[in-house]
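Chemist: data02.txt (compact mmCIF, C-alpha atoms) pasted underneath:
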# COMPACT_ATOMS: atom_id res chain seq x y z
CA MET A 1 89.89 117.76 91.87
CA SER A 2 93.24 119.43 91.59
CA LYS A 3 96.38 117.31 91.90
CA ILE A 4 99.25 118.06 94.23
CA HIS A 5 102.77 118.25 92.89
CA VAL A 6 104.98 116.16 95.18
CA THR A 7 108.78 116.29 95.11
CA THR A 8 110.53 113.76 97.27
CA THR A 9 113.54 111.44 97.48
CA VAL A 10 112.96 107.71 97.22
CA ASN A 11 115.91 105.41 97.91
CA GLY A 12 118.24 108.31 97.23
CA ASP A 13 116.71 109.25 93.88
CA PRO A 14 114.86 112.54 93.51
CA VAL A 15 111.37 111.90 92.15
CA GLU A 16 108.28 113.95 91.44
CA PHE A 17 104.72 113.05 90.68
CA LEU A 18 101.19 114.42 90.73
CA ALA A 19 99.11 113.01 93.56
CA ASP A 20 95.43 113.07 94.24
CA PRO A 21 95.02 114.83 97.65
CA ARG A 22 93.49 111.65 99.10
CA GLU A 23 96.15 109.34 97.72
CA THR A 24 98.33 107.48 100.22
CA LEU A 25 102.09 107.27 100.02
CA LEU A 26 101.65 103.53 99.48
CA ASP A 27 99.51 104.06 96.38
CA ALA A 28 101.91 106.67 95.05
CA LEU A 29 104.90 104.35 95.46
CA ARG A 30 103.13 101.50 93.70
CA ASN A 31 101.14 103.32 91.05
CA HIS A 32 103.20 106.40 90.18
CA LEU A 33 106.71 105.16 90.85
CA ASP A 34 106.25 101.45 90.01
CA LEU A 35 107.87 100.49 93.31
CA THR A 36 105.63 97.50 93.95
CA GLY A 37 107.85 95.87 96.57
CA THR A 38 105.90 97.75 99.23
CA LYS A 39 102.69 95.77 99.72
CA GLU A 40 99.18 96.64 100.76
CA GLY A 41 97.87 94.20 103.34
CA CYS A 42 95.15 95.79 105.43
CA GLY A 43 95.36 99.42 104.34
CA THR A 44 94.61 100.52 107.90
CA GLY A 45 97.98 100.37 109.67
CA ASP A 46 97.46 97.02 111.35
CA CYS A 47 99.64 94.62 109.34
CA GLY A 48 102.85 96.47 108.48
CA ALA A 49 103.18 95.06 104.94
CA CYS A 50 103.49 98.63 103.65
CA SER A 51 106.30 99.62 106.04
CA VAL A 52 108.76 102.22 104.74
CA THR A 53 110.93 104.78 106.46
CA VAL A 54 110.31 108.50 106.08
CA ASP A 55 113.21 110.70 107.19
CA GLY A 56 114.49 107.61 108.98
CA THR A 57 111.30 106.89 110.93
CA LEU A 58 109.47 103.61 110.37
CA VAL A 59 105.87 104.21 109.27
CA CYS A 60 103.02 102.50 107.48
CA SER A 61 102.87 104.06 104.04
CA CYS A 62 99.12 103.36 103.96
CA LEU A 63 98.67 105.72 106.92
CA MET A 64 100.38 108.64 105.24
CA LEU A 65 99.23 110.80 102.36
CA ALA A 66 101.50 111.04 99.36
CA ALA A 67 101.30 114.82 99.74
CA GLU A 68 102.85 114.52 103.20
CA ALA A 69 105.98 113.02 101.65
CA ASN A 70 106.81 116.30 99.92
CA GLY A 71 110.39 117.25 100.74
CA LYS A 72 110.94 114.04 102.73
CA ARG A 73 113.40 111.18 102.32
CA VAL A 74 111.60 107.87 101.72
CA GLU A 75 113.31 104.48 101.87
CA THR A 76 111.58 101.34 100.59
CA ILE A 77 112.48 97.68 100.22
CA GLU A 78 113.82 98.43 96.72
CA GLY A 79 116.60 100.47 98.31
CA MET A 80 117.72 97.76 100.68
CA ALA A 81 120.08 95.68 98.56
CA GLY A 82 123.21 97.16 97.05
CA GLU A 83 125.33 95.15 94.65
CA GLU A 84 124.56 92.24 96.94
CA LEU A 85 121.61 91.42 99.16
CA HIS A 86 121.46 93.11 102.56
CA PRO A 87 122.48 90.71 105.37
CA LEU A 88 118.86 90.66 106.57
CA GLN A 89 117.65 89.61 103.13
CA ARG A 90 120.30 86.89 102.91
CA LYS A 91 119.52 85.57 106.39
CA PHE A 92 115.78 85.52 105.68
CA ILE A 93 116.52 83.20 102.74
CA GLU A 94 118.98 81.06 104.72
CA HIS A 95 116.59 80.61 107.62
CA ALA A 96 113.51 80.23 105.40
CA ALA A 97 111.98 83.11 107.35
CA LEU A 98 109.23 83.47 104.76
CA GLN A 99 106.75 81.35 102.91
CA CYS A 100 104.37 83.36 100.77
CA GLY A 101 106.60 86.42 101.12
CA PHE A 102 103.86 89.04 101.14
CA CYS A 103 104.80 90.40 104.56
CA THR A 104 108.54 90.09 103.94
CA PRO A 105 109.33 93.52 102.44
CA GLY A 106 107.66 95.25 105.37
CA ILE A 107 109.37 93.02 107.91
CA LEU A 108 112.76 93.56 106.31
CA VAL A 109 112.32 97.33 106.29
CA ALA A 110 111.15 97.26 109.92
CA ALA A 111 113.98 94.94 111.02
CA LYS A 112 116.55 97.16 109.31
CA ALA A 113 115.16 100.17 111.19
CA LEU A 114 115.48 98.22 114.44
CA LEU A 115 119.09 97.20 113.86
CA GLU A 116 120.00 100.79 113.03
CA ARG A 117 118.80 101.79 116.52
CA ASN A 118 119.81 98.66 118.39
CA ALA A 119 122.59 96.53 116.94
CA ASN A 120 122.19 93.82 119.56
CA PRO A 121 118.48 93.36 120.37
CA THR A 122 117.04 90.62 122.54
CA ASP A 123 114.42 88.26 121.10
CA THR A 124 111.82 90.14 123.13
CA GLU A 125 112.92 93.49 121.73
CA ILE A 126 112.68 92.10 118.20
CA ARG A 127 109.21 90.69 118.86
CA TYR A 128 107.90 93.97 120.28
CA TRP A 129 109.49 96.04 117.51
CA LEU A 130 107.98 93.77 114.85
CA ALA A 131 104.61 93.44 116.63
CA GLY A 132 103.07 95.64 113.94
CA ASN A 133 104.21 93.32 111.14
CA LEU A 134 101.83 90.41 110.74
CA CYS A 135 102.92 87.14 109.13
CA ARG A 136 100.38 84.38 108.71
CA CYS A 137 102.83 81.74 107.42
CA THR A 138 105.97 81.44 109.48
CA GLY A 139 104.85 81.53 113.08
CA TYR A 140 107.54 84.23 113.52
CA ASP A 141 110.25 82.02 115.08
CA LYS A 142 112.29 81.82 111.91
CA ILE A 143 111.93 85.57 111.43
CA ILE A 144 113.36 86.21 114.89
CA ARG A 145 116.23 83.78 114.23
CA ALA A 146 117.00 85.41 110.88
CA VAL A 147 117.04 88.89 112.43
CA GLN A 148 119.30 87.70 115.26
CA ASP A 149 121.68 86.01 112.80
CA ALA A 150 121.79 89.09 110.57
CA ALA A 151 122.37 91.32 113.59
CA ALA A 152 125.24 89.10 114.71
CA GLU A 153 126.80 89.18 111.26
CA MET A 154 126.41 92.95 111.04
CA ARG A 155 128.12 93.31 114.44
CA GLY A 156 130.96 91.23 113.05
CA ALA A 157 130.27 88.51 115.58
CA ALA A 158 129.18 85.75 113.22
CA MET B 1 89.15 117.17 99.25
CA ARG B 2 91.28 120.26 99.73
CA TYR B 3 94.63 119.60 101.40
CA HIS B 4 95.82 122.64 103.35
CA THR B 5 99.29 123.27 104.74
CA PRO B 6 99.01 126.43 106.87
CA ARG B 7 102.17 127.91 108.38
CA SER B 8 100.54 129.12 111.59
CA PHE B 9 97.78 127.98 113.95
CA SER B 10 95.86 131.19 113.38
CA ASP B 11 95.88 130.45 109.63
CA ALA B 12 94.73 126.89 110.43
CA ALA B 13 91.89 128.30 112.55
CA THR B 14 90.91 130.71 109.77
CA ILE B 15 90.74 127.90 107.22
CA ALA B 16 88.77 125.76 109.67
CA GLU B 17 86.28 128.50 110.41
CA ALA B 18 85.74 129.19 106.71
CA SER B 19 85.20 125.53 105.89
CA THR B 20 81.60 124.74 105.06
CA GLY B 21 81.97 121.00 104.71
CA THR B 22 83.54 118.14 106.63
CA LEU B 23 86.79 119.17 108.23
CA ARG B 24 89.63 117.20 109.76
CA PHE B 25 92.99 118.23 111.17
CA LEU B 26 95.94 116.04 110.25
CA ALA B 27 98.82 115.46 112.64
CA GLY B 28 99.98 111.82 112.70
CA GLY B 29 97.00 110.68 110.66
CA THR B 30 96.80 107.26 112.29
CA ASP B 31 93.12 107.72 113.03
CA VAL B 32 92.10 110.14 110.27
CA LEU B 33 93.50 108.05 107.41
CA VAL B 34 91.85 104.90 108.74
CA GLN B 35 88.51 106.73 108.97
CA MET B 36 88.94 108.06 105.43
CA ARG B 37 89.80 104.61 104.14
CA ALA B 38 86.80 103.06 105.89
CA GLY B 39 84.55 105.74 104.40
CA MET B 40 83.52 106.90 107.88
CA VAL B 41 84.84 110.37 107.17
CA GLN B 42 85.30 112.03 103.79
CA PRO B 43 86.81 115.42 104.58
CA ASP B 44 86.20 118.34 102.26
CA ASP B 45 89.03 120.16 103.98
CA LEU B 46 92.03 118.42 105.48
CA ILE B 47 94.37 120.73 107.38
CA ASP B 48 97.87 119.32 107.78
CA LEU B 49 99.37 120.94 110.88
CA LYS B 50 102.89 119.68 110.31
CA HIS B 51 104.06 122.70 108.31
CA ILE B 52 103.56 125.00 111.30
CA PRO B 53 106.92 125.85 112.89
CA GLY B 54 107.52 124.21 116.25
CA VAL B 55 104.92 121.45 116.04
CA ASP B 56 107.61 118.77 116.02
CA ARG B 57 109.37 120.09 119.11
CA ILE B 58 109.40 119.41 122.85
CA THR B 59 110.54 122.53 124.69
CA PRO B 60 110.99 123.31 128.39
CA THR B 61 108.65 126.00 129.71
CA PRO B 62 110.02 128.89 131.79
CA GLU B 63 108.21 127.41 134.82
CA GLY B 64 110.00 124.07 134.48
CA GLY B 65 107.35 122.07 132.63
CA TRP B 66 107.29 120.83 129.07
CA ARG B 67 105.52 122.14 125.99
CA ILE B 68 104.85 119.39 123.47
CA GLY B 69 104.13 120.21 119.84
CA VAL B 70 101.01 118.69 118.33
CA ALA B 71 102.95 116.67 115.73
CA VAL B 72 105.48 115.07 118.10
CA PRO B 73 105.08 111.32 117.56
CA GLY B 74 105.17 108.67 120.28
CA ILE B 75 108.59 107.42 119.30
CA VAL B 76 110.07 110.87 119.94
CA LEU B 77 108.34 111.17 123.33
CA GLY B 78 109.68 107.73 124.27
CA ALA B 79 113.24 108.79 123.49
CA HIS B 80 113.10 112.13 125.33
CA GLU B 81 115.19 111.94 128.49
CA GLY B 82 113.64 114.97 130.18
CA LEU B 83 110.08 113.73 129.69
CA LEU B 84 110.98 110.19 130.76
CA ARG B 85 112.51 111.62 133.93
CA ASP B 86 109.65 113.99 134.76
CA TRP B 87 106.52 112.29 133.41
CA PRO B 88 107.17 108.58 132.80
CA GLY B 89 103.47 107.81 133.23
CA VAL B 90 102.50 110.14 130.38
CA VAL B 91 105.17 108.68 128.13
CA GLU B 92 104.32 105.03 128.90
CA GLY B 93 100.66 105.72 128.14
CA MET B 94 101.44 107.17 124.73
CA ASN B 95 103.94 104.44 123.96
CA LEU B 96 101.23 101.79 124.42
CA VAL B 97 99.37 103.16 121.39
CA GLY B 98 99.75 100.84 118.40
CA SER B 99 102.82 99.39 116.73
CA THR B 100 106.29 100.76 116.09
CA GLN B 101 104.98 102.07 112.78
CA VAL B 102 102.04 103.81 114.47
CA GLN B 103 104.40 105.23 117.11
CA GLY B 104 106.35 106.82 114.27
CA ARG B 105 103.34 109.02 113.49
CA ALA B 106 100.74 109.01 116.27
CA THR B 107 100.57 112.05 118.55
CA LEU B 108 99.24 112.99 122.00
CA ALA B 109 97.02 115.69 120.50
CA GLY B 110 95.60 113.25 117.97
CA ASN B 111 94.97 110.58 120.57
CA LEU B 112 93.12 113.19 122.64
CA CYS B 113 91.08 114.70 119.79
CA ASN B 114 90.11 111.34 118.31
CA GLY B 115 87.94 111.17 121.41
CA SER B 116 88.20 107.46 122.18
CA PRO B 117 87.22 106.76 125.80
CA ALA B 118 89.97 104.10 125.75
CA ALA B 119 92.74 106.42 124.49
CA ASP B 120 95.87 105.26 126.31
CA SER B 121 97.66 108.61 126.48
CA VAL B 122 94.76 110.56 127.96
CA PRO B 123 94.55 109.31 131.60
CA GLY B 124 98.27 110.01 132.04
CA MET B 125 97.89 113.56 130.74
CA VAL B 126 94.85 114.15 132.97
CA ALA B 127 96.60 112.79 136.06
CA ALA B 128 99.61 114.97 135.27
CA GLY B 129 97.41 118.07 135.07
CA ALA B 130 98.30 118.71 131.46
CA VAL B 131 96.77 121.71 129.73
CA VAL B 132 96.09 122.18 126.04
CA THR B 133 96.34 125.50 124.27
CA VAL B 134 93.45 125.93 121.88
CA THR B 135 93.80 128.37 119.01
CA GLY B 136 90.59 129.68 117.50
CA PRO B 137 89.34 132.57 115.43
CA LYS B 138 89.31 134.77 118.56
CA GLY B 139 92.78 133.82 119.74
CA ASP B 140 94.17 131.34 122.25
CA ARG B 141 92.65 129.79 125.35
CA ASP B 142 93.97 127.16 127.74
CA LEU B 143 91.96 124.13 128.74
CA PRO B 144 92.69 121.24 131.11
CA VAL B 145 92.98 117.99 129.14
CA GLU B 146 90.00 116.44 130.97
CA GLN B 147 87.74 119.16 129.55
CA VAL B 148 88.53 118.28 125.92
CA PRO B 149 86.67 114.99 125.37
CA THR B 150 82.88 115.20 125.77
CA GLY B 151 81.94 111.72 124.56
CA PRO B 152 83.09 109.00 122.19
CA GLY B 153 84.52 110.78 119.12
CA ARG B 154 83.49 114.21 120.39
CA THR B 155 85.40 117.12 121.89
CA SER B 156 84.54 120.48 123.41
CA LEU B 157 86.46 122.34 120.68
CA ALA B 158 84.26 124.73 118.73
CA LYS B 159 84.28 125.19 114.96
CA GLY B 160 87.50 126.84 113.92
CA GLU B 161 89.36 125.74 117.05
CA VAL B 162 92.47 123.58 117.02
CA ILE B 163 94.84 122.36 119.72
CA SER B 164 98.13 124.20 119.19
CA ALA B 165 100.21 122.75 122.06
CA ILE B 166 100.09 120.49 125.09
CA THR B 167 101.80 121.68 128.27
CA LEU B 168 102.85 119.45 131.13
CA PRO B 169 103.33 121.30 134.44
CA PRO B 170 106.66 121.40 136.26
CA ARG B 171 107.29 118.02 137.87
CA GLY B 172 108.70 119.52 141.07
CA LYS B 173 110.29 117.46 143.80
CA ASN B 174 109.20 114.08 145.17
CA GLY B 175 106.64 113.40 142.49
CA GLY B 176 105.86 110.30 140.48
CA ASP B 177 103.30 109.13 137.94
CA ALA B 178 102.35 105.87 136.26
CA TYR B 179 99.86 104.45 133.77
CA LEU B 180 98.64 100.89 133.52
CA ARG B 181 96.04 99.33 131.29
CA PHE B 182 94.44 95.94 131.03
CA ILE B 183 94.27 94.17 127.69
CA PRO B 184 93.72 90.45 127.08
CA ARG B 185 96.97 90.09 125.12
CA THR B 186 100.52 91.33 125.66
CA GLU B 187 100.54 94.24 123.22
CA MET B 188 98.78 96.01 120.38
CA ASP B 189 95.28 96.15 121.78
CA ILE B 190 92.74 98.68 123.00
CA ALA B 191 92.48 99.27 126.74
CA VAL B 192 89.65 97.43 128.51
CA VAL B 193 90.47 99.63 131.50
CA GLY B 194 93.25 102.17 131.95
CA CYS B 195 94.38 104.00 135.07
CA ALA B 196 96.91 106.76 135.69
CA VAL B 197 98.06 107.99 139.08
CA ASN B 198 100.17 111.07 139.73
CA LEU B 199 101.24 111.95 143.26
CA ARG B 200 103.67 113.96 145.35
CA LEU B 201 105.25 112.99 148.65
CA ASP B 202 106.42 114.84 151.72
CA GLY B 203 108.70 112.27 153.25
CA ASP B 204 106.70 109.04 153.02
CA ARG B 205 103.33 110.80 153.07
CA ILE B 206 101.28 111.57 149.97
CA VAL B 207 100.41 115.27 149.91
CA GLU B 208 98.98 115.59 146.39
CA ALA B 209 97.38 113.03 144.10
CA ARG B 210 95.38 112.82 140.90
CA VAL B 211 93.79 109.58 139.73
CA ALA B 212 92.40 109.21 136.20
CA LEU B 213 90.49 106.26 134.75
CA GLY B 214 90.11 105.41 131.06
CA ALA B 215 87.73 103.12 129.14
CA VAL B 216 85.21 102.94 131.99
CA ALA B 217 82.92 105.82 130.95
CA PRO B 218 82.13 107.86 127.81
CA THR B 219 85.07 110.10 128.69
CA VAL B 220 88.15 109.89 130.87
CA ILE B 221 87.33 110.21 134.57
CA LEU B 222 89.30 112.33 137.04
CA SER B 223 88.29 110.89 140.41
CA GLU B 224 88.65 113.22 143.37
CA ALA B 225 87.41 110.51 145.71
CA ALA B 226 90.15 108.16 144.57
CA ALA B 227 92.76 110.87 145.08
CA LYS B 228 91.39 111.67 148.56
CA ALA B 229 91.65 107.99 149.48
CA ILE B 230 95.45 108.18 149.35
CA ILE B 231 96.24 111.81 150.21
CA GLY B 232 97.64 112.00 153.73
CA THR B 233 98.60 108.33 153.74
CA THR B 234 101.85 106.44 153.22
CA LEU B 235 100.04 104.13 150.77
CA GLY B 236 99.65 101.27 153.21
CA GLU B 237 97.17 98.45 152.74
CA ALA B 238 94.24 100.43 154.14
CA ALA B 239 94.92 103.32 151.74
CA LEU B 240 95.29 100.98 148.78
CA ALA B 241 92.01 99.27 149.66
CA ALA B 242 90.25 102.62 149.97
CA LEU B 243 91.74 103.69 146.64
CA ALA B 244 90.53 100.52 144.94
CA LYS B 245 87.05 101.00 146.37
CA ALA B 246 86.94 104.64 145.24
CA ALA B 247 88.14 103.72 141.74
CA GLU B 248 85.50 100.99 141.51
CA ALA B 249 82.84 103.46 142.58
CA ALA B 250 84.02 106.05 140.05
CA ALA B 251 84.01 103.59 137.14
CA LYS B 252 80.82 103.73 135.06
CA PRO B 253 81.59 101.26 132.29
CA ILE B 254 79.47 99.47 129.74
CA SER B 255 79.65 95.79 128.87
CA ASP B 256 80.99 95.10 125.42
CA LYS B 257 83.00 92.46 123.57
CA ARG B 258 86.18 93.55 125.34
CA GLY B 259 84.89 93.23 128.88
CA THR B 260 81.78 93.18 131.02
CA LYS B 261 80.75 96.05 133.24
CA GLU B 262 81.45 94.01 136.39
CA PHE B 263 84.90 92.97 135.17
CA ARG B 264 85.86 96.50 134.24
CA ILE B 265 84.80 97.84 137.64
CA GLU B 266 86.94 95.27 139.42
CA VAL B 267 89.93 95.86 137.14
CA ALA B 268 89.66 99.63 137.70
CA GLY B 269 90.31 99.02 141.39
CA VAL B 270 93.18 96.63 140.74
CA LEU B 271 94.90 98.94 138.27
CA ALA B 272 94.47 101.95 140.58
CA ARG B 273 96.28 100.08 143.37
CA ARG B 274 99.11 98.96 141.12
CA ALA B 275 99.54 102.30 139.34
CA ALA B 276 99.55 104.13 142.67
CA GLN B 277 102.28 101.83 143.96
CA ILE B 278 104.43 102.41 140.88
CA ALA B 279 103.89 106.19 141.09
CA TYR B 280 104.78 106.07 144.79
CA ASP B 281 107.96 104.11 144.15
CA ARG B 282 108.93 106.53 141.39
CA ALA B 283 108.33 109.46 143.71
CA LYS B 284 110.62 107.79 146.24
CA GLY B 285 113.26 107.54 143.55
CA LEU B 286 113.02 103.76 143.44
CA LYS B 287 113.34 102.33 139.96
CA ALA B 288 109.97 101.15 138.71
Would it be possible to restate this file's structure as structure tokens?
Modeler:
Amino acid sequence: MSKIHVTTTVNGDPVEFLADPRETLLDALRNHLDLTGTKEGCGTGDCGACSVTVDGTLVCSCLMLAAEANGKRVETIEGMAGEELHPLQRKFIEHAALQCGFCTPGILVAAKALLERNANPTDTEIRYWLAGNLCRCTGYDKIIRAVQDAAAEMRGAA
Amino acid sequence: MRYHTPRSFSDAATIAEASTGTLRFLAGGTDVLVQMRAGMVQPDDLIDLKHIPGVDRITPTPEGGWRIGVAVPGIVLGAHEGLLRDWPGVVEGMNLVGSTQVQGRATLAGNLCNGSPAADSVPGMVAAGAVVTVTGPKGDRDLPVEQVPTGPGRTSLAKGEVISAITLPPRGKNGGDAYLRFIPRTEMDIAVVGCAVNLRLDGDRIVEARVALGAVAPTVILSEAAAKAIIGTTLGEAALAALAKAAEAAAKPISDKRGTKEFRIEVAGVLARRAAQIAYDRAKGLKA
């Protein structure tokens, strides 16, 4: 089976790798690029643990072939913090919005995508936006509070 | 598996016709990749349509309708002011499909071709009178959306044929459409029953109507009897009752884990009433 040469940008860095035609973007991130922050939960687009953005759009990286990422701009959890943690990351720690942490990278990536579109979301808007990110530990309340607090800080209101 | 990236629909059709094994087209991939992962489908040829120019665009037609590319995802439809103004029922149907992440990829054409009787975007397209352009080895043909699905997971497209665009007709004046579905939770579920109504008014009177039901038969149903029940009326209680009765009569559901036959029939009537009222209010220019 012939491999496909994929050239893409991940967190601002140009990368290239050889992908099996059937390989998902998720597997390519984890296995070719050693970016293991993006998690596989269900592998079928239900849980959101593998959330990344592609050309700015939030997607499940398990529901996309690596070959489809050719020429695209991919952002993962590894690109979220700069010198310091992103406000969302800091607020998730402050509010204890995680326990096992397996869903957290996907939720952070999804929440960041939300706040880029809507700097001042309601609780309901956050819950609907994050409905595709399953968390079996927190009961979600702390996640909503952390996102609200981060949003407030990023608006300069905190 | 061979991964193809044709630059035109005629090239895609040529590849599809030449394929001797299992073939799938890839737009948003939110069904195909799940099927591949589950081992239900192992394509020998996978044709990615997203390299064809124009597939990511929504363009006005000369007649005043909209031509929607086959790779336009739900999140783009939901942000398109012209479509939201003209065909809110079509957009709200598509936007009920899956999560934010799924909306980032899933497409109208994919939802249609996956062939699920419960596909949320399909009743809205049928009620709207949407037409698909099918490109095949012999060229293009147009087909009303309701003639695409032929049963669960099956379509009327022949080997080598691929949907190359979806066209919504001109909205025209005094029209409104709406889609409602029933699910046992608030979001992220598969329709137990879905219903779309599209109508046009002359004053307060309904002069045109199309009523489509989803998840109550092997394919979407376009019910002429349900439409007739409200045409010529001002959607008073008698018309709504007649509509509900016609929708119940048109529904031919099965009982399964998501709902019994009897429940689905009753809900078909309820949703038809409510969707008709929303479509009517939209046609009147009332916010709904």
Chemist: Chain A residues within 8 Å of chain B, counting only C-alpha atoms: which ones, as JSON, numbers by chain?
Modeler: {"A": [1, 21, 22, 43, 44, 45, 46, 48, 51, 57, 58, 59, 60, 63, 64, 128, 129, 130, 131, 132]}
Chemist: Using all atoms listed in the file for the distances, tell me which of B:Gly93, B:Gly153, B:Gly129, B:Pro6 is nearest to Ala209 (chain B).
Modeler: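 Ranked by minimum distance to Ala209 (chain B), first place goes to B:Gly129.
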Chemist: In Å, how far is it from CA of Ala130 (chain B) to CA of Leu168 (chain B)?
Modeler: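 Computing the Euclidean distance for CA of Ala130 (chain B) and CA of Leu168 (chain B) yields 4.6 Å.
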Chemist: Would you work out the distance separating CA of Ala118 (chain B) from CA of Val72 (chain B), expressed in Å to one decimal?
Modeler: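 These atoms are spaced 20.5 Å apart.
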Chemist: For Asp140 (chain B), please output as a list in words all residues within 12 Å (counting only C-alpha atoms; exclusion window: fewer than 5 positions along the same chain).
Modeler: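 Contacts, in chain order: Phe9, Ser10, Ala13, Val132, Thr133, Val134, Thr135, Leu157, Gly160, Glu161, Val162, Ile163, Ser164 and Ala165 of chain B.
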Chemist: Would you compute the distance between CA of Ala249 (chain B) and CA of Val197 (chain B)? Give it in Å to one decimal.
Modeler: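 Pair CA of Ala249 (chain B) / CA of Val197 (chain B) returns 16.3 Å.
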Chemist: Could you name the residues that touch Ala71 (chain B) at 6 Å or less, counting all atoms listed in the file, but leaving out those on the same chain fewer than 5 positions away, as a list in words?
Modeler: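 Once the adjacent positions are removed, what remains is Ala27, Val55, Asp56 and Thr107 of chain B.
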Chemist: Which residue out of A:Met154, A:Leu115, A:Cys50, A:Leu33 has the minimum interatomic distance to Leu134 (chain A) when only C-alpha atoms are used?
Modeler: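 Checking each of A:Met154, A:Leu115, A:Cys50, A:Leu33 against Leu134 (chain A), counting only C-alpha atoms, the winner is A:Cys50.
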Chemist: So which residues touch Asp141 (chain A) within 9 Å, counting all atoms listed in the file, skipping near sequence neighbours fewer than 4 positions away, as a ChimeraX atom specification?
Modeler: /A:97,145-146
Chemist: Determine, counting only C-alpha atoms, every residue of protein, DNA or RNA that lies within 9 Å of (110.4, 118.2, 97.3) in the file coordinates, then give the result as a short mmCIF file (atom, residue, chain, number, x, y, z; two decimals) with C-alpha atoms, in the frame of the given file.
Modeler:
data_model
loop_
_atom_site.label_atom_id
_atom_site.label_comp_id
_atom_site.auth_asym_id
_atom_site.auth_seq_id
_atom_site.Cartn_x
_atom_site.Cartn_y
_atom_site.Cartn_z
CA HIS A 5 102.77 118.25 92.89
CA VAL A 6 104.98 116.16 95.18
CA THR A 7 108.78 116.29 95.11
CA THR A 8 110.53 113.76 97.27
CA THR A 9 113.54 111.44 97.48
CA PRO A 14 114.86 112.54 93.51
CA VAL A 15 111.37 111.90 92.15
CA GLU A 16 108.28 113.95 91.44
CA ALA A 69 105.98 113.02 101.65
CA ASN A 70 106.81 116.30 99.92
CA GLY A 71 110.39 117.25 100.74
CA LYS A 72 110.94 114.04 102.73
#
Chemist: Can you pull out the residues contacting Leu88 (chain A)? Cut-off 10 Å, using all atoms listed in the file, and skip same-chain residues under 5 positions away; I want them as number ranges by chain.
Modeler: A: 80-81, 93-94, 107-109, 111-112, 115, 143, 146-151, 153-154
Chemist: Which protein, DNA or RNA residues are at most 10 Å from (107.6, 81.6, 103.6) in the file's coordinates when you count all atoms listed in the file, listed as a ChimeraX atom specification?
Modeler: /A:92-93,95-104,135-139,142-143
Chemist: Write out as an MDAnalysis selection string each polymer residue whose atoms come within 12 Å of region 180-183 of chain B, counting all atoms listed in the file; drop sequence neighbours fewer than 6 positions from it.
Modeler: chainID B and resid 88:97 118:124 189:197 211:216 258:259 263:279
Chemist: Can region 263-275 of chain B be brought up to N, CA and C atoms and written out as a PDB file, in the coordinates of the input?
Modeler:
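After the write, result_15.pdb holds the following:
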ATOM      1  N   PHE B 263      83.459  93.215 135.288  1.00  0.00           N
ATOM      2  CA  PHE B 263      84.900  92.970 135.170  1.00  0.00           C
ATOM      3  C   PHE B 263      85.670  94.281 135.126  1.00  0.00           C
ATOM      4  N   ARG B 264      85.159  95.215 134.353  1.00  0.00           N
ATOM      5  CA  ARG B 264      85.860  96.500 134.240  1.00  0.00           C
ATOM      6  C   ARG B 264      85.917  97.235 135.573  1.00  0.00           C
ATOM      7  N   ILE B 265      84.827  97.168 136.334  1.00  0.00           N
ATOM      8  CA  ILE B 265      84.800  97.840 137.640  1.00  0.00           C
ATOM      9  C   ILE B 265      85.872  97.242 138.540  1.00  0.00           C
ATOM     10  N   GLU B 266      85.953  95.918 138.550  1.00  0.00           N
ATOM     11  CA  GLU B 266      86.940  95.270 139.420  1.00  0.00           C
ATOM     12  C   GLU B 266      88.362  95.616 138.972  1.00  0.00           C
ATOM     13  N   VAL B 267      88.583  95.579 137.654  1.00  0.00           N
ATOM     14  CA  VAL B 267      89.930  95.860 137.140  1.00  0.00           C
ATOM     15  C   VAL B 267      90.324  97.320 137.402  1.00  0.00           C
ATOM     16  N   ALA B 268      89.352  98.220 137.399  1.00  0.00           N
ATOM     17  CA  ALA B 268      89.660  99.630 137.700  1.00  0.00           C
ATOM     18  C   ALA B 268      90.291  99.739 139.078  1.00  0.00           C
ATOM     19  N   GLY B 269      89.754  99.005 140.035  1.00  0.00           N
ATOM     20  CA  GLY B 269      90.310  99.020 141.390  1.00  0.00           C
ATOM     21  C   GLY B 269      91.701  98.425 141.436  1.00  0.00           C
ATOM     22  N   VAL B 270      91.874  97.309 140.734  1.00  0.00           N
ATOM     23  CA  VAL B 270      93.180  96.630 140.740  1.00  0.00           C
ATOM     24  C   VAL B 270      94.246  97.518 140.099  1.00  0.00           C
ATOM     25  N   LEU B 271      93.906  98.106 138.961  1.00  0.00           N
ATOM     26  CA  LEU B 271      94.900  98.940 138.270  1.00  0.00           C
ATOM     27  C   LEU B 271      95.232 100.185 139.076  1.00  0.00           C
ATOM     28  N   ALA B 272      94.222 100.745 139.766  1.00  0.00           N
ATOM     29  CA  ALA B 272      94.470 101.950 140.580  1.00  0.00           C
ATOM     30  C   ALA B 272      95.487 101.626 141.671  1.00  0.00           C
ATOM     31  N   ARG B 273      95.316 100.492 142.327  1.00  0.00           N
ATOM     32  CA  ARG B 273      96.280 100.080 143.370  1.00  0.00           C
ATOM     33  C   ARG B 273      97.681  99.957 142.785  1.00  0.00           C
ATOM     34  N   ARG B 274      97.776  99.234 141.685  1.00  0.00           N
ATOM     35  CA  ARG B 274      99.110  98.960 141.120  1.00  0.00           C
ATOM     36  C   ARG B 274      99.766 100.229 140.578  1.00  0.00           C
ATOM     37  N   ALA B 275      98.968 101.061 139.907  1.00  0.00           N
ATOM     38  CA  ALA B 275      99.540 102.300 139.340  1.00  0.00           C
ATOM     39  C   ALA B 275      99.983 103.226 140.468  1.00  0.00           C
TER      40      ALA B 275
END
